[in-house]
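**Q** File run-v6.tsv follows (TSV, C-alpha atoms and all ligand atoms):
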```
chain	number	residue	atom	x	y	z
A	1	PRO	CA	19.64	23.90	-18.56
A	2	ALA	CA	17.35	21.88	-20.82
A	3	SER	CA	17.68	18.11	-20.62
A	4	ASP	CA	19.86	16.30	-23.15
A	5	PRO	CA	17.42	15.56	-26.05
A	6	HIS	CA	19.06	12.19	-26.69
A	7	LEU	CA	18.43	11.10	-23.08
A	8	VAL	CA	14.88	12.48	-23.19
A	9	GLU	CA	14.22	10.33	-26.25
A	10	ARG	CA	15.73	7.22	-24.59
A	11	ALA	CA	13.63	7.72	-21.44
A	12	ARG	CA	10.50	8.20	-23.52
A	13	ALA	CA	11.19	5.09	-25.59
A	14	ALA	CA	11.95	2.93	-22.53
A	15	LYS	CA	8.80	4.08	-20.75
A	16	GLU	CA	6.73	3.35	-23.82
A	17	ALA	CA	8.27	-0.14	-24.17
A	18	LEU	CA	7.44	-0.88	-20.51
A	19	GLY	CA	3.88	0.45	-20.71
A	20	ASP	CA	1.76	-0.47	-17.67
A	21	GLN	CA	4.60	-2.59	-16.26
A	22	VAL	CA	6.19	0.49	-14.75
A	23	PHE	CA	4.81	3.28	-12.58
A	24	VAL	CA	7.12	6.28	-12.12
A	25	LEU	CA	6.71	8.38	-8.97
A	26	GLY	CA	8.25	11.85	-8.78
A	27	HIS	CA	8.71	13.74	-5.52
A	28	HIS	CA	8.06	17.50	-5.65
A	29	TYR	CA	11.74	18.18	-4.92
A	30	GLN	CA	12.97	16.31	-7.99
A	31	ARG	CA	14.62	17.97	-10.99
A	32	ASP	CA	12.40	19.06	-13.92
A	33	GLU	CA	14.25	16.65	-16.22
A	34	VAL	CA	13.01	13.78	-14.02
A	35	ILE	CA	9.56	15.17	-13.17
A	36	GLN	CA	8.64	15.25	-16.88
A	37	PHE	CA	8.63	11.41	-16.81
A	38	ALA	CA	6.67	11.01	-13.57
A	39	ASP	CA	3.25	9.38	-13.84
A	40	VAL	CA	2.33	11.15	-10.60
A	41	THR	CA	3.99	13.77	-8.44
A	42	GLY	CA	3.53	14.34	-4.73
A	43	ASP	CA	5.05	14.53	-1.29
A	44	SER	CA	6.33	11.37	0.34
A	45	PHE	CA	3.02	10.38	1.86
A	46	LYS	CA	0.92	10.97	-1.25
A	47	LEU	CA	3.42	9.04	-3.37
A	48	ALA	CA	3.42	6.02	-1.05
A	49	ARG	CA	-0.38	5.97	-1.28
A	50	ASP	CA	-0.30	6.42	-5.05
A	51	ALA	CA	2.08	3.45	-5.31
A	52	ALA	CA	-0.34	1.36	-3.22
A	53	GLY	CA	-3.10	2.36	-5.66
A	54	ARG	CA	-1.35	0.65	-8.58
A	55	PRO	CA	-1.08	-3.02	-7.47
A	56	ASP	CA	-1.07	-4.05	-11.15
A	57	ALA	CA	2.30	-2.38	-11.85
A	58	PRO	CA	5.14	-4.80	-11.05
A	59	TYR	CA	7.81	-2.08	-11.09
A	60	ILE	CA	7.61	1.15	-9.14
A	61	VAL	CA	10.43	3.54	-10.06
A	62	PHE	CA	10.69	5.94	-7.14
A	63	CYS	CA	12.27	9.28	-8.00
A	64	GLY	CA	12.87	10.53	-4.48
A	65	VAL	CA	15.02	9.42	-1.55
A	66	HIS	CA	15.63	6.10	0.21
A	67	PHE	CA	13.13	6.35	3.10
A	68	MET	CA	10.37	7.17	0.60
A	69	ALA	CA	11.15	4.09	-1.48
A	70	GLU	CA	11.04	2.03	1.74
A	71	SER	CA	7.60	3.42	2.56
A	72	ALA	CA	6.42	2.56	-0.94
A	73	ASP	CA	7.74	-0.99	-0.49
A	74	ILE	CA	5.87	-1.30	2.82
A	75	LEU	CA	2.58	-0.09	1.32
A	76	THR	CA	2.72	-2.08	-1.95
A	77	THR	CA	2.19	-5.81	-2.50
A	78	ASP	CA	4.94	-8.42	-2.20
A	79	ALA	CA	4.74	-8.96	-5.96
A	80	GLN	CA	5.80	-5.38	-6.66
A	81	GLN	CA	9.39	-4.17	-6.68
A	82	VAL	CA	10.39	-0.64	-5.77
A	83	ILE	CA	13.40	0.76	-7.61
A	84	LEU	CA	15.50	3.75	-6.50
A	85	PRO	CA	17.44	4.99	-9.55
A	86	ASP	CA	20.48	5.96	-7.43
A	87	LEU	CA	21.12	4.10	-4.17
A	88	ALA	CA	23.11	7.09	-2.89
A	89	ALA	CA	19.90	9.15	-2.72
A	90	GLY	CA	19.51	9.10	1.05
A	91	CYS	CA	18.19	11.78	3.41
A	92	SER	CA	20.48	13.47	5.89
A	93	MET	CA	17.58	13.96	8.32
A	94	ALA	CA	16.57	10.28	8.27
A	95	ASP	CA	20.23	9.34	8.75
A	96	MET	CA	20.36	11.39	11.98
A	97	ALA	CA	18.23	8.79	13.79
A	98	LEU	CA	19.81	5.35	13.62
A	99	ILE	CA	17.90	2.44	15.14
A	100	GLY	CA	20.70	1.59	17.58
A	101	GLN	CA	20.76	5.17	18.86
A	102	VAL	CA	17.00	5.23	19.29
A	103	GLU	CA	17.00	1.90	21.14
A	104	ASP	CA	19.74	3.22	23.45
A	105	ALA	CA	17.69	6.35	24.10
A	106	TRP	CA	14.64	4.22	24.93
A	107	ASP	CA	16.71	2.11	27.35
A	108	ALA	CA	17.82	5.31	29.06
A	109	LEU	CA	14.18	6.42	29.40
A	110	VAL	CA	13.36	3.02	30.92
A	111	ASP	CA	16.25	3.42	33.39
A	112	ALA	CA	15.03	6.94	34.25
A	113	GLY	CA	11.60	5.43	35.05
A	114	ILE	CA	9.71	7.53	32.49
A	115	ALA	CA	9.42	5.23	29.46
A	116	ASP	CA	5.87	4.25	30.46
A	117	ASP	CA	4.80	7.88	30.01
A	118	VAL	CA	6.39	8.23	26.58
A	119	VAL	CA	4.72	7.67	23.21
A	120	PRO	CA	7.18	7.66	20.28
A	121	ILE	CA	6.09	9.52	17.15
A	122	THR	CA	8.20	9.52	14.02
A	123	TYR	CA	7.98	11.83	11.07
A	124	MET	CA	7.51	10.05	7.71
A	125	ASN	CA	11.09	11.19	6.94
A	126	SER	CA	12.72	8.32	8.83
A	127	SER	CA	14.00	4.86	8.00
A	128	ALA	CA	11.65	1.86	8.03
A	129	ASP	CA	13.28	0.48	11.19
A	130	ILE	CA	12.50	3.71	13.08
A	131	LYS	CA	8.87	3.47	11.94
A	132	ALA	CA	8.87	-0.17	13.11
A	133	PHE	CA	10.32	0.89	16.48
A	134	CYS	CA	7.37	3.27	16.91
A	135	GLY	CA	4.92	0.55	15.89
A	136	ARG	CA	6.38	-1.86	18.47
A	137	ASN	CA	6.35	0.70	21.25
A	138	GLY	CA	2.77	1.98	20.97
A	139	GLY	CA	3.59	4.93	18.72
A	140	ALA	CA	2.76	6.16	15.25
A	141	VAL	CA	4.05	7.86	12.11
A	142	CYS	CA	3.08	11.41	11.19
A	143	THR	CA	3.51	13.74	8.22
A	144	SER	CA	3.93	17.50	8.17
A	145	SER	CA	0.17	17.75	7.49
A	146	ASN	CA	-1.02	15.72	10.47
A	147	ALA	CA	1.70	16.17	13.11
A	148	ASP	CA	-0.72	18.11	15.36
A	149	VAL	CA	-3.39	15.39	15.22
A	150	ALA	CA	-0.73	12.74	15.88
A	151	LEU	CA	0.52	14.62	18.95
A	152	GLU	CA	-3.04	15.07	20.20
A	153	TRP	CA	-3.56	11.32	19.81
A	154	ALA	CA	-0.24	10.50	21.53
A	155	PHE	CA	-0.97	12.63	24.61
A	156	GLY	CA	-4.46	11.09	24.70
A	157	GLN	CA	-2.86	7.64	25.11
A	158	ARG	CA	-1.80	8.50	28.69
A	159	PRO	CA	-3.71	9.82	31.73
A	160	GLU	CA	-4.29	13.58	31.53
A	161	GLY	CA	-1.15	15.58	32.23
A	162	THR	CA	1.23	12.61	32.40
A	163	GLY	CA	2.04	11.90	28.75
A	164	LYS	CA	5.29	12.70	26.96
A	165	VAL	CA	6.22	12.36	23.31
A	166	LEU	CA	9.55	11.25	21.92
A	167	PHE	CA	9.54	12.97	18.52
A	168	LEU	CA	11.81	11.56	15.79
A	169	PRO	CA	13.88	12.62	13.88
A	170	ASP	CA	13.07	16.30	13.11
A	171	GLN	CA	13.36	18.54	16.15
A	172	HIS	CA	11.96	21.51	14.18
A	173	LEU	CA	8.72	19.87	13.05
A	174	GLY	CA	8.27	18.53	16.60
A	175	ARG	CA	8.90	21.86	18.28
A	176	ASN	CA	6.90	23.93	15.80
A	177	THR	CA	3.90	21.64	16.07
A	178	ALA	CA	4.03	21.37	19.87
A	179	VAL	CA	4.50	25.08	20.54
A	180	LEU	CA	2.48	26.69	17.74
A	181	GLN	CA	-0.37	24.19	17.41
A	182	MET	CA	-0.59	22.41	20.77
A	183	GLY	CA	0.13	25.29	23.14
A	184	ILE	CA	3.05	23.44	24.74
A	185	ALA	CA	5.66	25.82	26.19
A	186	LEU	CA	9.11	26.06	24.60
A	187	GLU	CA	10.57	25.20	28.02
A	188	GLU	CA	8.64	21.92	27.97
A	189	CYS	CA	10.55	20.86	24.84
A	190	VAL	CA	13.99	19.32	25.38
A	191	VAL	CA	16.43	18.03	22.77
A	192	TRP	CA	17.83	14.51	22.98
A	193	ASN	CA	21.37	14.48	21.59
A	194	PRO	CA	22.24	10.87	20.66
A	195	HIS	CA	25.95	11.72	20.80
A	196	ARG	CA	25.89	12.62	24.51
A	197	PRO	CA	25.39	10.32	27.52
A	198	ASN	CA	21.72	10.30	28.55
A	199	GLY	CA	20.97	12.51	25.54
A	200	GLY	CA	22.75	15.39	27.28
A	201	LEU	CA	19.75	15.76	29.62
A	202	THR	CA	19.40	15.56	33.39
A	203	ALA	CA	16.81	13.32	35.05
A	204	GLU	CA	14.94	16.46	36.13
A	205	GLU	CA	14.87	17.90	32.62
A	206	LEU	CA	13.43	14.63	31.34
A	207	ARG	CA	10.83	14.49	34.11
A	208	ASN	CA	9.65	18.05	33.38
A	209	ALA	CA	9.58	17.69	29.60
A	210	LYS	CA	6.44	17.11	27.55
A	211	MET	CA	8.29	16.84	24.23
A	212	ILE	CA	11.58	14.99	23.91
A	213	LEU	CA	12.81	16.13	20.51
A	214	TRP	CA	15.39	14.05	18.69
A	215	LYS	CA	18.37	16.16	17.62
A	216	GLY	CA	17.77	15.85	13.88
A	217	HIS	CA	17.00	18.40	11.20
A	218	CYS	CA	16.74	18.82	7.45
A	219	SER	CA	19.95	20.10	5.91
A	220	VAL	CA	17.94	22.20	3.45
A	221	HIS	CA	15.03	23.61	5.47
A	222	GLY	CA	17.20	24.02	8.57
A	223	ARG	CA	19.29	26.59	6.71
A	224	PHE	CA	16.66	29.27	6.25
A	225	SER	CA	17.31	32.06	8.73
A	226	ALA	CA	15.27	34.63	10.60
A	227	GLU	CA	17.47	37.31	8.99
A	228	SER	CA	16.43	36.29	5.48
A	229	VAL	CA	12.77	36.70	6.50
A	230	ASP	CA	13.44	40.11	8.07
A	231	GLN	CA	15.39	41.24	5.03
A	232	LEU	CA	12.65	40.26	2.59
A	233	ARG	CA	10.01	42.00	4.66
A	234	ALA	CA	12.12	45.14	4.60
A	235	THR	CA	12.69	45.04	0.84
A	236	VAL	CA	9.58	43.49	-0.77
A	237	PRO	CA	6.41	45.40	0.12
A	238	GLY	CA	3.46	43.16	0.98
A	239	VAL	CA	5.45	39.95	0.63
A	240	ASN	CA	3.83	36.79	2.01
A	241	ILE	CA	6.31	34.44	3.66
A	242	LEU	CA	5.36	30.78	3.16
A	243	VAL	CA	7.53	28.11	4.78
A	244	HIS	CA	7.67	24.41	5.54
A	245	PRO	CA	7.48	23.34	9.23
A	246	GLU	CA	10.93	21.70	8.92
A	247	CYS	CA	12.29	25.26	9.15
A	248	ARG	CA	13.69	26.52	12.45
A	249	HIS	CA	11.27	27.87	15.06
A	250	GLU	CA	12.38	31.50	14.67
A	251	VAL	CA	11.75	31.26	10.91
A	252	VAL	CA	8.34	29.67	11.30
A	253	THR	CA	7.22	32.21	13.92
A	254	ARG	CA	8.16	35.05	11.52
A	255	ALA	CA	6.31	33.51	8.54
A	256	ASP	CA	2.77	34.29	7.41
A	257	LEU	CA	1.89	30.72	6.48
A	258	VAL	CA	3.38	27.35	7.41
A	259	GLY	CA	2.62	23.98	5.88
A	260	SER	CA	3.58	20.85	3.98
A	261	THR	CA	4.72	20.86	0.36
A	262	GLU	CA	1.18	20.00	-0.74
A	263	PHE	CA	-0.11	22.97	1.31
A	264	ILE	CA	2.52	25.25	-0.25
A	265	ILE	CA	1.45	24.20	-3.75
A	266	ARG	CA	-2.27	24.68	-2.99
A	267	THR	CA	-1.59	28.09	-1.45
A	268	ILE	CA	0.31	29.34	-4.49
A	269	GLU	CA	-2.32	27.96	-6.87
A	270	ALA	CA	-4.99	29.90	-4.97
A	271	ALA	CA	-2.94	33.11	-4.62
A	272	GLU	CA	-4.10	36.37	-6.21
A	273	PRO	CA	-2.39	37.39	-9.47
A	274	GLY	CA	0.15	40.10	-8.69
A	275	SER	CA	0.69	38.95	-5.10
A	276	SER	CA	4.24	38.49	-3.79
A	277	TRP	CA	5.50	35.31	-2.16
A	278	ALA	CA	8.82	34.22	-0.68
A	279	ILE	CA	8.92	30.47	-0.18
A	280	GLY	CA	11.09	28.53	2.23
A	281	THR	CA	11.23	25.00	0.89
A	282	GLU	CA	13.30	22.98	-1.60
A	283	LEU	CA	14.50	25.00	-4.59
A	284	ASN	CA	13.37	22.66	-7.39
A	285	LEU	CA	9.79	23.03	-6.17
A	286	VAL	CA	10.03	26.81	-5.72
A	287	LYS	CA	11.43	27.23	-9.25
A	288	ARG	CA	8.69	25.04	-10.71
A	289	LEU	CA	6.02	27.07	-8.88
A	290	ALA	CA	7.55	30.32	-10.14
A	291	ASP	CA	7.58	28.97	-13.72
A	292	ALA	CA	3.98	27.75	-13.47
A	293	HIS	CA	2.69	31.05	-12.04
A	294	PRO	CA	4.25	33.88	-14.03
A	295	ASP	CA	1.36	36.13	-12.95
A	296	LYS	CA	2.54	35.91	-9.32
A	297	ASN	CA	5.76	37.30	-7.92
A	298	ILE	CA	7.44	34.19	-6.47
A	299	SER	CA	10.91	34.14	-4.97
A	300	PHE	CA	13.08	31.79	-2.95
A	301	LEU	CA	13.35	32.75	0.71
A	302	ASP	CA	17.15	32.66	0.88
A	303	ARG	CA	19.40	32.51	-2.16
A	304	THR	CA	22.26	31.02	-0.15
A	305	VAL	CA	20.26	27.81	0.48
A	306	CYS	CA	20.96	24.99	-2.01
A	307	TYR	CA	18.98	22.17	-3.57
A	308	CYS	CA	18.60	18.98	-1.58
A	309	SER	CA	21.79	17.30	-2.79
A	310	THR	CA	20.51	13.77	-2.29
A	311	MET	CA	17.20	14.44	-4.05
A	312	ASN	CA	19.24	15.83	-6.94
A	313	ARG	CA	21.22	12.61	-7.26
A	314	ILE	CA	18.26	11.24	-9.19
A	315	ASP	CA	18.91	12.80	-12.57
A	316	LEU	CA	17.92	11.90	-16.11
A	317	PRO	CA	20.93	9.59	-16.73
A	318	HIS	CA	20.02	7.55	-13.62
A	319	LEU	CA	16.37	7.39	-14.61
A	320	VAL	CA	17.25	6.29	-18.16
A	321	TRP	CA	19.57	3.63	-16.76
A	322	ALA	CA	16.84	2.29	-14.44
A	323	LEU	CA	14.20	2.20	-17.18
A	324	GLU	CA	16.49	0.68	-19.81
A	325	SER	CA	17.60	-1.98	-17.32
A	326	LEU	CA	13.95	-2.96	-16.88
A	327	VAL	CA	13.49	-3.12	-20.65
A	328	ALA	CA	16.52	-5.43	-20.78
A	329	GLY	CA	14.93	-7.70	-18.17
A	330	GLN	CA	17.08	-6.64	-15.21
A	331	VAL	CA	15.60	-5.14	-12.05
A	332	PRO	CA	18.18	-2.73	-10.60
A	333	ASN	CA	18.46	-1.05	-7.17
A	334	VAL	CA	15.51	-2.81	-5.53
A	335	ILE	CA	14.59	-1.36	-2.12
A	336	SER	CA	13.29	-4.18	0.00
A	337	VAL	CA	12.28	-3.94	3.66
A	338	ASP	CA	12.37	-7.23	5.60
A	339	ALA	CA	9.04	-8.80	6.58
A	340	GLU	CA	9.22	-8.15	10.33
A	341	THR	CA	10.20	-4.50	9.93
A	342	GLN	CA	7.40	-4.11	7.39
A	343	GLU	CA	4.87	-5.58	9.77
A	344	TRP	CA	5.67	-3.18	12.63
A	345	ALA	CA	6.18	-0.17	10.39
A	346	ARG	CA	2.73	-0.88	8.95
A	347	VAL	CA	1.29	-0.85	12.50
A	348	ALA	CA	2.73	2.66	13.02
A	349	LEU	CA	1.52	3.80	9.59
A	350	GLN	CA	-1.93	2.35	10.21
A	351	ARG	CA	-2.21	4.27	13.51
A	352	MET	CA	-1.56	7.41	11.49
A	353	LEU	CA	-4.14	6.48	8.87
A	354	ASP	CA	-6.66	5.87	11.67
A	355	LEU	CA	-6.18	9.36	13.12
A	356	PRO	CA	-9.31	11.55	13.04
A	357	GLY	CA	-9.57	14.11	10.22
B	1	LIG	O1	11.66	17.71	3.27
B	1	LIG	C1	11.20	16.72	2.71
B	1	LIG	O2	11.92	15.87	2.21
B	1	LIG	C2	9.76	16.54	2.61
B	1	LIG	C3	8.88	17.62	3.03
B	1	LIG	C4	9.30	15.38	2.19
B	1	LIG	C5	7.91	14.99	2.08
B	1	LIG	O3	7.46	14.78	0.99
B	1	LIG	O4	7.20	14.89	3.09
B	2	LIG	FE1	15.86	14.87	3.66
B	2	LIG	FE2	15.66	17.53	3.79
B	2	LIG	FE3	16.37	16.39	1.52
B	2	LIG	FE4	13.89	16.16	2.43
B	2	LIG	S1	14.86	18.03	1.74
B	2	LIG	S2	15.15	14.52	1.57
B	2	LIG	S3	14.23	16.05	4.67
B	2	LIG	S4	17.54	16.34	3.47
```
Would you mind giving the structure from this file in structure tokens?

**A**
Amino acid sequence: PASDPHLVERARAAKEALGDQVFVLGHHYQRDEVIQFADVTGDSFKLARDAAGRPDAPYIVFCGVHFMAESADILTTDAQQVILPDLAAGCSMADMALIGQVEDAWDALVDAGIADDVVPITYMNSSADIKAFCGRNGGAVCTSSNADVALEWAFGQRPEGTGKVLFLPDQHLGRNTAVLQMGIALEECVVWNPHRPNGGLTAEELRNAKMILWKGHCSVHGRFSAESVDQLRATVPGVNILVHPECRHEVVTRADLVGSTEFIIRTIEAAEPGSSWAIGTELNLVKRLADAHPDKNISFLDRTVCYCSTMNRIDLPHLVWALESLVAGQVPNVISVDAETQEWARVALQRMLDLPG
């Protein structure tokens, strides 16, 4: 449905009144009604960098989810404030790794005598305190575009053949990267379940593992199934299956192409007119790609999979409220990471930025 014209007008007027004071970031998974007011769009990593590139803007309105606004706060100056239009816009994946659980897991690895072998790597989709944990413990952050390089780096931090990686919080990205890009065997990947004593793993399983995958997943990407891929192949001749690496291993192994949201967008932009694509990522993005490329046959990989419900919490009424509050001199919903967490999270982010390539 088209956005309410009255709200569109209010958002436009508020943005105009604020001018260069405000910089609006829109994640690719946001609704169209919000994206139309974004100064830039991108994935979480690109947006955090874009925010850092506008030190003159005192207010950053982040249309995305909580961990992304935290990353923007970490990478911007102390004078800038990052605003999340709805504080309930969290991320179920990030919420699956709580700092207390991760510290308990680390203590268990120390007790098992293997912590010295382990380098913690966290996906960008994690809270600031998990990023800080990785910074403090010799690890790094990664994105879905550089997870392979980050793993290569992590294993290179230990003597040949001895290193292990604790991968947080997305087991699928960790497994897909390790098995499909690093040549690590599936059997060398174990899953740490924070709700079970010792992660639900025996000392021998931990000793033999190369990848200790945190039991987290994305509630959107984790829902695509191998059956939906098989069904599309059987019904759409010549279809290209393009999925995000947050999808389950059996989905990714059946796909033609796998990559980050930015990769998915580039791939569709470069695709031949008339070609057929089924895309396994968030529905707002897939719909926008289909609308922007009417000459290509673009469908959603599985019609039973929904939007990201927390991304969708940021809607036009929330954006209007945030912008009009700023016009009225109030700064609502500020996301602020404490100084010590920022310092260590920045260490982990910097290790990522220093990766080759
Ligand atoms: O699944 C997500 O939320 C993704 C891919 C976020 C991002 O931009 O990296
Ligand atoms: Fe989190 Fe998945 Fe939503 Fe991304 S799409 S914000 S990983 S729940």

**Q** Which is closer to ligand LIG 2 (chain B) than all the others in A:Thr253, A:Gln21, A:Asn284, A:Thr77, using all atoms listed in the file?

**A**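 The shortest atom-to-atom distance to ligand LIG 2 (chain B) comes from A:Asn284.
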
**Q** List all protein, DNA and RNA residues that have any atom at most 8 Å from ligand LIG 2 (chain B), counting all atoms listed in the file, and write the list as a list in words.

**A**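 Taking all atoms listed in the file into account, the residues around ligand LIG 2 (chain B) at most 8 Å away are Tyr29, Gly64, Val65, Gly90, Cys91, Ser92, Met93, Ala94, Asn125, His217, Cys218, Ser219, Val220, His221, Glu246, Thr281, Glu282, Tyr307, Cys308, Ser309, Thr310 and Met311 of chain A.
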
**Q** Record the distance separating atom CA of Asp73 of chain A and atom CA of Leu289 of chain A, expressed in Å with one decimal.

**A**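 Between these atoms lies a distance of 29.3 Å.
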
**Q** Please measure the separation of atom CA of Val331 of chain A and atom CA of Gln30 of chain A, giving the value in Å to one decimal.

**A**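 A separation of 22.0 Å between them.
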
**Q** Within 10 Å of Gly280 of chain A, counting all atoms listed in the file, which residues qualify if same-chain residues fewer than 5 places away don't, as a PyMOL selection string?

**A** chain A and resi 220-225+228-229+241-247+251-252+255+258+264+286+299-302+305

**Q** Using all atoms listed in the file, find the one residue out of A:Gln101, A:Ser275, A:Ser325, A:Ser144 that sits nearest to Lys215 of chain A.

**A**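 The answer is A:Gln101, which sits nearest to Lys215 of chain A.
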
**Q** Mind pulling up the distance from atom CA of Phe45 of chain A to atom CA of Ile268 of chain A?

**A**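 That distance, rounded to one decimal, is 20.2 Å.
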
**Q** With a distance cut-off of 9 Å and all atoms listed in the file, select the neighbouring residues of Asp4 of chain A, excluding the residue or stretch itself and same-chain residues fewer than 5 positions from it, and output the selection as a ChimeraX atom specification.

**A** /A:9,33,316

**Q** Write out as a PyMOL selection string which residues come within 7 Å of Asn333 of chain A when counting all atoms listed in the file, dropping same-chain ones fewer than 3 positions away.

**A** chain A and resi 83-85+87
